[in-house]
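Okay, structure first, notes after.
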Amino acid sequence: MSITNQPKDYAVLFLDMNSFFASVEQQVQPTLRGKPIGVAPFTGDSGCIIAASREAKANGVNIYRIAEAKKVCPDLKIVESRPALYMIYHKEIRKVIESFTPYFEALSIDEFAIKLTPRDQNLENSKKMAHGLKAAIRERVGDYLSCSIGIGPNAFLAKIAGERQKPDGLTVVTLNDLENFYSDLRLQDLVGINWRMETRLQNFGIITPLQFFKTSLGELTAKLNHAGRLWYFRLRGHEVDDHIVKNKTIGHSHVLPPEFRTKDGAAAVLRKLLFKTGYRLRKEGYQAGGISLYIRFMDRGDFHKSLKFDFFDDNNSLIANTFHILKDCSWRSRPLMLAVSTFNLKRKTSEQIPIFDDLKKAREISATIDAVNDRFGAETVFSASMFGSRETAPDRIPFGKPRYDILH
């Protein structure tokens, strides 16, 4: 929960698959496409529809008893649900999202909250990611699958924004537009407001979301106790629900000096950034399960890729894994800036003995280098591959344990 920091626009992207179960059935059974269908665990008339296709909803199917839904839409076809199939598609969608960013959480089988990094916290880049996700899901998972996306200051607002345009919509809400955003909503359009909560608010004289938004912190706290305090900040864009995985990342970024703006020069500087990252990773007692690499080029293009790996904390693994990612870079023009970060961090609770001798040696070498540099100063011992790049990305303090920046 964060109420001390000012909320920011374009902080969260919320992705909601449209009519997910029904769309998956239409994906694997093309004869069902374009037709109103309902998915149900039991297909008899006494059963309940758990998901209706876009076509069924367009025909007024918002009743979940099968017998009643067929009266509204006589052409409705009922399909027996297949949870294992939907989970397969869920995992494929996760893979697509992971190819864009590691900073996301699956809130349900068909909903995902993505924490946007500072690089994407603007209208252009956040919308570019949204359109990219939509296209990638269609191309890599299923051409009949669509999603609605909302972008906002927190997961609460981003989810509501995503509900505004269905199917296949994209809606952005910003802090300056909150009054307009709330003005044409009903209380039950707000995530977390059911009919009981709506009645309670109405008894306090709060009839609309706009009134709810304009009610002071003191009044809401007096009326709803701690929940009122949470609602006050939630409505104003603060992330108080902890939907997003708050994974710490450790890494570094550096703008390349002119003489290093080549493929070989960037590789040399990258090795130094990795050397610093590995040191900090070990000193803070973490192992990493993933690496994210970003390169900005002079022509304003960029390369960005994240991959998960077996957990590691030694320099050799960090360098090998990062340069494995780097093989996919096309080097479209001269590089301008590098950023690397390790994610999916876990605490080292005990020192496990590696099965392979090479890994054991790599860890021992890294630990020995750290000990020497701690005693005699940063970079007293360093990799030969760093020789030409030692003056770049300077340490923040010259001796003792260097205070490296953490890239979030």
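Ligands are numbered from 1 in the order shown, residues from 1 within each chain, and chains are lettered A, B, ... in the order they appear in the structure tokens.
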Contacts of segment 342-345 of chain A within 7 Å, only C-alpha atoms, excl. fewer than 6 positions in-chain, as a list in words:
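The residues that qualify are Asn247, Lys248, Thr249, Ile250, Gly251, Tyr286, Gln287, Ala288, Gly289, Gly290, Ile291 and Ser292 of chain A.
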Output as a PyMOL selection string all residues of segment 154-295 of chain A that backbone DSSP marks as alpha helix (DSSP H).
chain A and resi 155-163+178-183+195-203+209-214+217-224+226-235+263-283
Keeping only C-alpha atoms, write the selected residues to a file as a CSV table (one decimal), in the first residue's frame.
chain,number,residue,atom,x,y,z
A,155,ALA,CA,-5.1,-1.3,-10.9
A,156,PHE,CA,-8.5,-0.2,-9.7
A,157,LEU,CA,-8.9,2.6,-12.2
A,158,ALA,CA,-7.2,0.6,-15.0
A,159,LYS,CA,-9.7,-2.2,-14.6
A,160,ILE,CA,-12.7,0.1,-14.6
A,161,ALA,CA,-11.3,1.8,-17.7
A,162,GLY,CA,-11.0,-1.5,-19.4
A,163,GLU,CA,-14.7,-2.2,-18.8
A,178,LEU,CA,-11.0,11.7,-12.8
A,179,GLU,CA,-14.1,13.9,-12.3
A,180,ASN,CA,-15.2,13.3,-15.9
A,181,PHE,CA,-14.4,9.6,-15.5
A,182,TYR,CA,-16.6,9.2,-12.5
A,183,SER,CA,-19.4,11.4,-13.7
A,195,TRP,CA,-25.4,-4.0,-3.8
A,196,ARG,CA,-24.9,-4.1,0.0
A,197,MET,CA,-22.1,-1.5,-0.2
A,198,GLU,CA,-24.1,0.6,-2.6
A,199,THR,CA,-27.0,0.6,-0.1
A,200,ARG,CA,-24.7,1.6,2.7
A,201,LEU,CA,-23.3,4.5,0.8
A,202,GLN,CA,-26.7,5.6,-0.3
A,203,ASN,CA,-27.8,5.7,3.4
A,209,PRO,CA,-19.3,7.7,-7.9
A,210,LEU,CA,-18.6,11.4,-8.4
A,211,GLN,CA,-20.1,12.2,-4.9
A,212,PHE,CA,-18.0,9.3,-3.5
A,213,PHE,CA,-14.9,10.8,-5.1
A,214,LYS,CA,-15.6,14.3,-3.7
A,217,LEU,CA,-11.0,11.8,3.9
A,218,GLY,CA,-12.4,12.7,7.3
A,219,GLU,CA,-16.0,12.0,6.3
A,220,LEU,CA,-15.2,8.7,4.6
A,221,THR,CA,-13.1,7.6,7.6
A,222,ALA,CA,-15.9,8.5,10.0
A,223,LYS,CA,-18.5,6.7,7.9
A,224,LEU,CA,-16.6,3.6,6.8
A,226,HIS,CA,-10.4,2.1,7.8
A,227,ALA,CA,-12.2,1.0,4.6
A,228,GLY,CA,-13.2,4.7,4.1
A,229,ARG,CA,-9.6,5.7,4.2
A,230,LEU,CA,-8.7,3.1,1.7
A,231,TRP,CA,-11.5,4.2,-0.6
A,232,TYR,CA,-10.4,7.8,-0.4
A,233,PHE,CA,-6.9,7.0,-1.7
A,234,ARG,CA,-8.0,4.2,-4.1
A,235,LEU,CA,-10.4,6.6,-5.9
A,263,LYS,CA,28.6,-2.9,-30.9
A,264,ASP,CA,31.9,-3.9,-29.3
A,265,GLY,CA,32.0,-0.8,-27.1
A,266,ALA,CA,28.5,-1.4,-25.8
A,267,ALA,CA,29.4,-5.0,-25.0
A,268,ALA,CA,32.4,-3.9,-23.0
A,269,VAL,CA,30.3,-1.4,-21.0
A,270,LEU,CA,27.6,-4.1,-20.5
A,271,ARG,CA,30.1,-6.4,-18.9
A,272,LYS,CA,31.0,-3.7,-16.3
A,273,LEU,CA,27.3,-3.1,-15.6
A,274,LEU,CA,26.9,-6.8,-15.1
A,275,PHE,CA,30.0,-7.0,-12.8
A,276,LYS,CA,28.4,-4.3,-10.6
A,277,THR,CA,25.0,-5.9,-10.7
A,278,GLY,CA,26.4,-9.3,-9.6
A,279,TYR,CA,28.2,-7.7,-6.7
A,280,ARG,CA,25.0,-6.0,-5.4
A,281,LEU,CA,23.0,-9.2,-6.0
A,282,ARG,CA,25.3,-11.2,-3.7
A,283,LYS,CA,25.8,-8.4,-1.1
Show me, as CSV, the residues of segment 139-164 of chain A having an atom within 12 Å of segment 47-71 of chain A, each with the closest atom pair and its distance in Å, using only C-alpha atoms.
residue,atom,partner,partner_atom,distance
A:Tyr144,CA,A:Arg54,CA,11.1
A:Leu145,CA,A:Arg54,CA,10.8
A:Ser146,CA,A:Arg54,CA,10.3
A:Cys147,CA,A:Arg54,CA,11.6
Gap from atom CA of Ser19 of chain A to atom CA of Glu124 of chain A - Å, one decimal
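We find that atom CA of Ser19 of chain A and atom CA of Glu124 of chain A lie 27.7 Å from each other.
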Considering only C-alpha atoms, return as an MDAnalysis selection string whatever protein or nucleic-acid residues lie within 7 Å of His304 of chain A, sequence-local ones (same chain, fewer than 5 positions apart) excluded.
chainID A and resid 293:295
Those same residues, written as a PDB file, in the first residue's frame with N, CA and C atoms?
ATOM      1  N   LEU A 293      17.044  -6.878 -20.430  1.00  0.00           N
ATOM      2  CA  LEU A 293      18.073  -6.072 -21.107  1.00  0.00           C
ATOM      3  C   LEU A 293      17.391  -5.060 -22.024  1.00  0.00           C
ATOM      4  N   TYR A 294      17.853  -3.814 -21.943  1.00  0.00           N
ATOM      5  CA  TYR A 294      17.303  -2.743 -22.777  1.00  0.00           C
ATOM      6  C   TYR A 294      18.449  -1.959 -23.409  1.00  0.00           C
ATOM      7  N   ILE A 295      18.357  -1.715 -24.727  1.00  0.00           N
ATOM      8  CA  ILE A 295      19.336  -0.904 -25.451  1.00  0.00           C
ATOM      9  C   ILE A 295      18.589   0.140 -26.266  1.00  0.00           C
TER      10      ILE A 295
END
Using DSSP on the backbone coordinates, identify the residues of segment 22-233 of chain A assigned to strand (DSSP E or B); present them as a ChimeraX atom specification.
/A:37-40,48,51-52,65,77-80,104-108,111-115,147-152,170-172
Using only C-alpha atoms for the distances, tell me which of A:Leu13, A:Leu170, A:Ile109, A:Leu338 is nearest to Met87 of chain A.
A:Ile109
Nearby residues (only C-alpha atoms) at most 9 Å from Asp75 of chain A, same-chain spacing under 4 positions excluded, as a PyMOL selection string:
chain A and resi 35-37+70
Between A:Leu15, A:Ile78, A:Met298, A:Ile319, which has the minimum distance to Val255 of chain A (counting only C-alpha atoms)?
A:Met298
Tell me, as a list in words, which residues lie within 10 Å of Leu123 of chain A, counting only C-alpha atoms; anything in the same chain fewer than 2 positions away does not count.
Asp9, Tyr10, Asp120, Gln121, Asn125, Ser126, Lys127, Lys128, Ile151, Val172 and Thr174 of chain A
Find the distance between atom CA of Pro335 of chain A and atom CA of Arg261 of chain A and write it in Å to one decimal.
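Those two atoms sit 5.2 Å apart.
Residue nearest Met17 of chain A, chosen from A:Val79, A:Ala135, A:Val240, A:Ile149 and counting only C-alpha atoms: A:Ile149.
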Contact residues around Lys8 of chain A with only C-alpha atoms at 9 Å, ignoring same-chain residues under 6 positions, as a VMD selection string:
chain A and resid 121 152 to 154 174 to 175 237 to 238
Quick one: residues within 12 Å of Phe100 of chain A, only C-alpha atoms, excluding same-chain residues fewer than 3 positions away - as a PyMOL selection string?
chain A and resi 93-97+103-104+114-117+120+126+128-134+136-137+292-294+303-307
Residues as selected, C-alpha atoms, written as a PDB file, in the first residue's frame, can you do that?
ATOM      1  CA  ILE A  93      -1.282 -15.706 -22.832  1.00  0.00           C
ATOM      2  CA  ARG A  94       1.089 -15.467 -19.869  1.00  0.00           C
ATOM      3  CA  LYS A  95       3.974 -16.312 -22.214  1.00  0.00           C
ATOM      4  CA  VAL A  96       2.949 -13.458 -24.505  1.00  0.00           C
ATOM      5  CA  ILE A  97       2.844 -10.979 -21.612  1.00  0.00           C
ATOM      6  CA  TYR A 103       6.246  -7.003 -14.099  1.00  0.00           C
ATOM      7  CA  PHE A 104       2.762  -8.486 -14.143  1.00  0.00           C
ATOM      8  CA  ILE A 114       0.863  -5.082 -15.567  1.00  0.00           C
ATOM      9  CA  LYS A 115       3.022  -2.560 -13.721  1.00  0.00           C
ATOM     10  CA  LEU A 116       4.431  -0.184 -16.314  1.00  0.00           C
ATOM     11  CA  THR A 117       8.077   0.793 -15.978  1.00  0.00           C
ATOM     12  CA  ASP A 120       6.413   3.108 -20.589  1.00  0.00           C
ATOM     13  CA  SER A 126       1.651   2.579 -22.866  1.00  0.00           C
ATOM     14  CA  LYS A 128       2.013   0.982 -27.994  1.00  0.00           C
ATOM     15  CA  MET A 129       2.326  -1.851 -25.470  1.00  0.00           C
ATOM     16  CA  ALA A 130      -1.456  -2.275 -25.355  1.00  0.00           C
ATOM     17  CA  HIS A 131      -1.749  -2.572 -29.136  1.00  0.00           C
ATOM     18  CA  GLY A 132       1.286  -4.847 -29.199  1.00  0.00           C
ATOM     19  CA  LEU A 133      -0.255  -7.182 -26.618  1.00  0.00           C
ATOM     20  CA  LYS A 134      -3.523  -7.351 -28.537  1.00  0.00           C
ATOM     21  CA  ALA A 136       0.609 -10.720 -30.180  1.00  0.00           C
ATOM     22  CA  ILE A 137      -2.235 -12.606 -28.483  1.00  0.00           C
ATOM     23  CA  SER A 292      15.888  -7.845 -18.520  1.00  0.00           C
ATOM     24  CA  LEU A 293      18.073  -6.072 -21.107  1.00  0.00           C
ATOM     25  CA  TYR A 294      17.303  -2.743 -22.777  1.00  0.00           C
ATOM     26  CA  PHE A 303      15.861  -3.446 -28.135  1.00  0.00           C
ATOM     27  CA  HIS A 304      14.133  -4.849 -25.066  1.00  0.00           C
ATOM     28  CA  LYS A 305      13.916  -8.468 -23.996  1.00  0.00           C
ATOM     29  CA  SER A 306      13.425 -10.303 -20.703  1.00  0.00           C
ATOM     30  CA  LEU A 307      14.012 -13.991 -20.023  1.00  0.00           C
TER      31      LEU A 307
END
Please report the interatomic distance between atom CA of Leu190 of chain A and atom CA of Phe21 of chain A in Å with one decimal.
23.9 Å
Using only C-alpha atoms, can you tell me which of A:Phe20, A:Phe311, A:Phe297, A:Phe14 comes closest to Arg334 of chain A?
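Looking at the shortest contact to Arg334 of chain A, the residue is A:Phe297.
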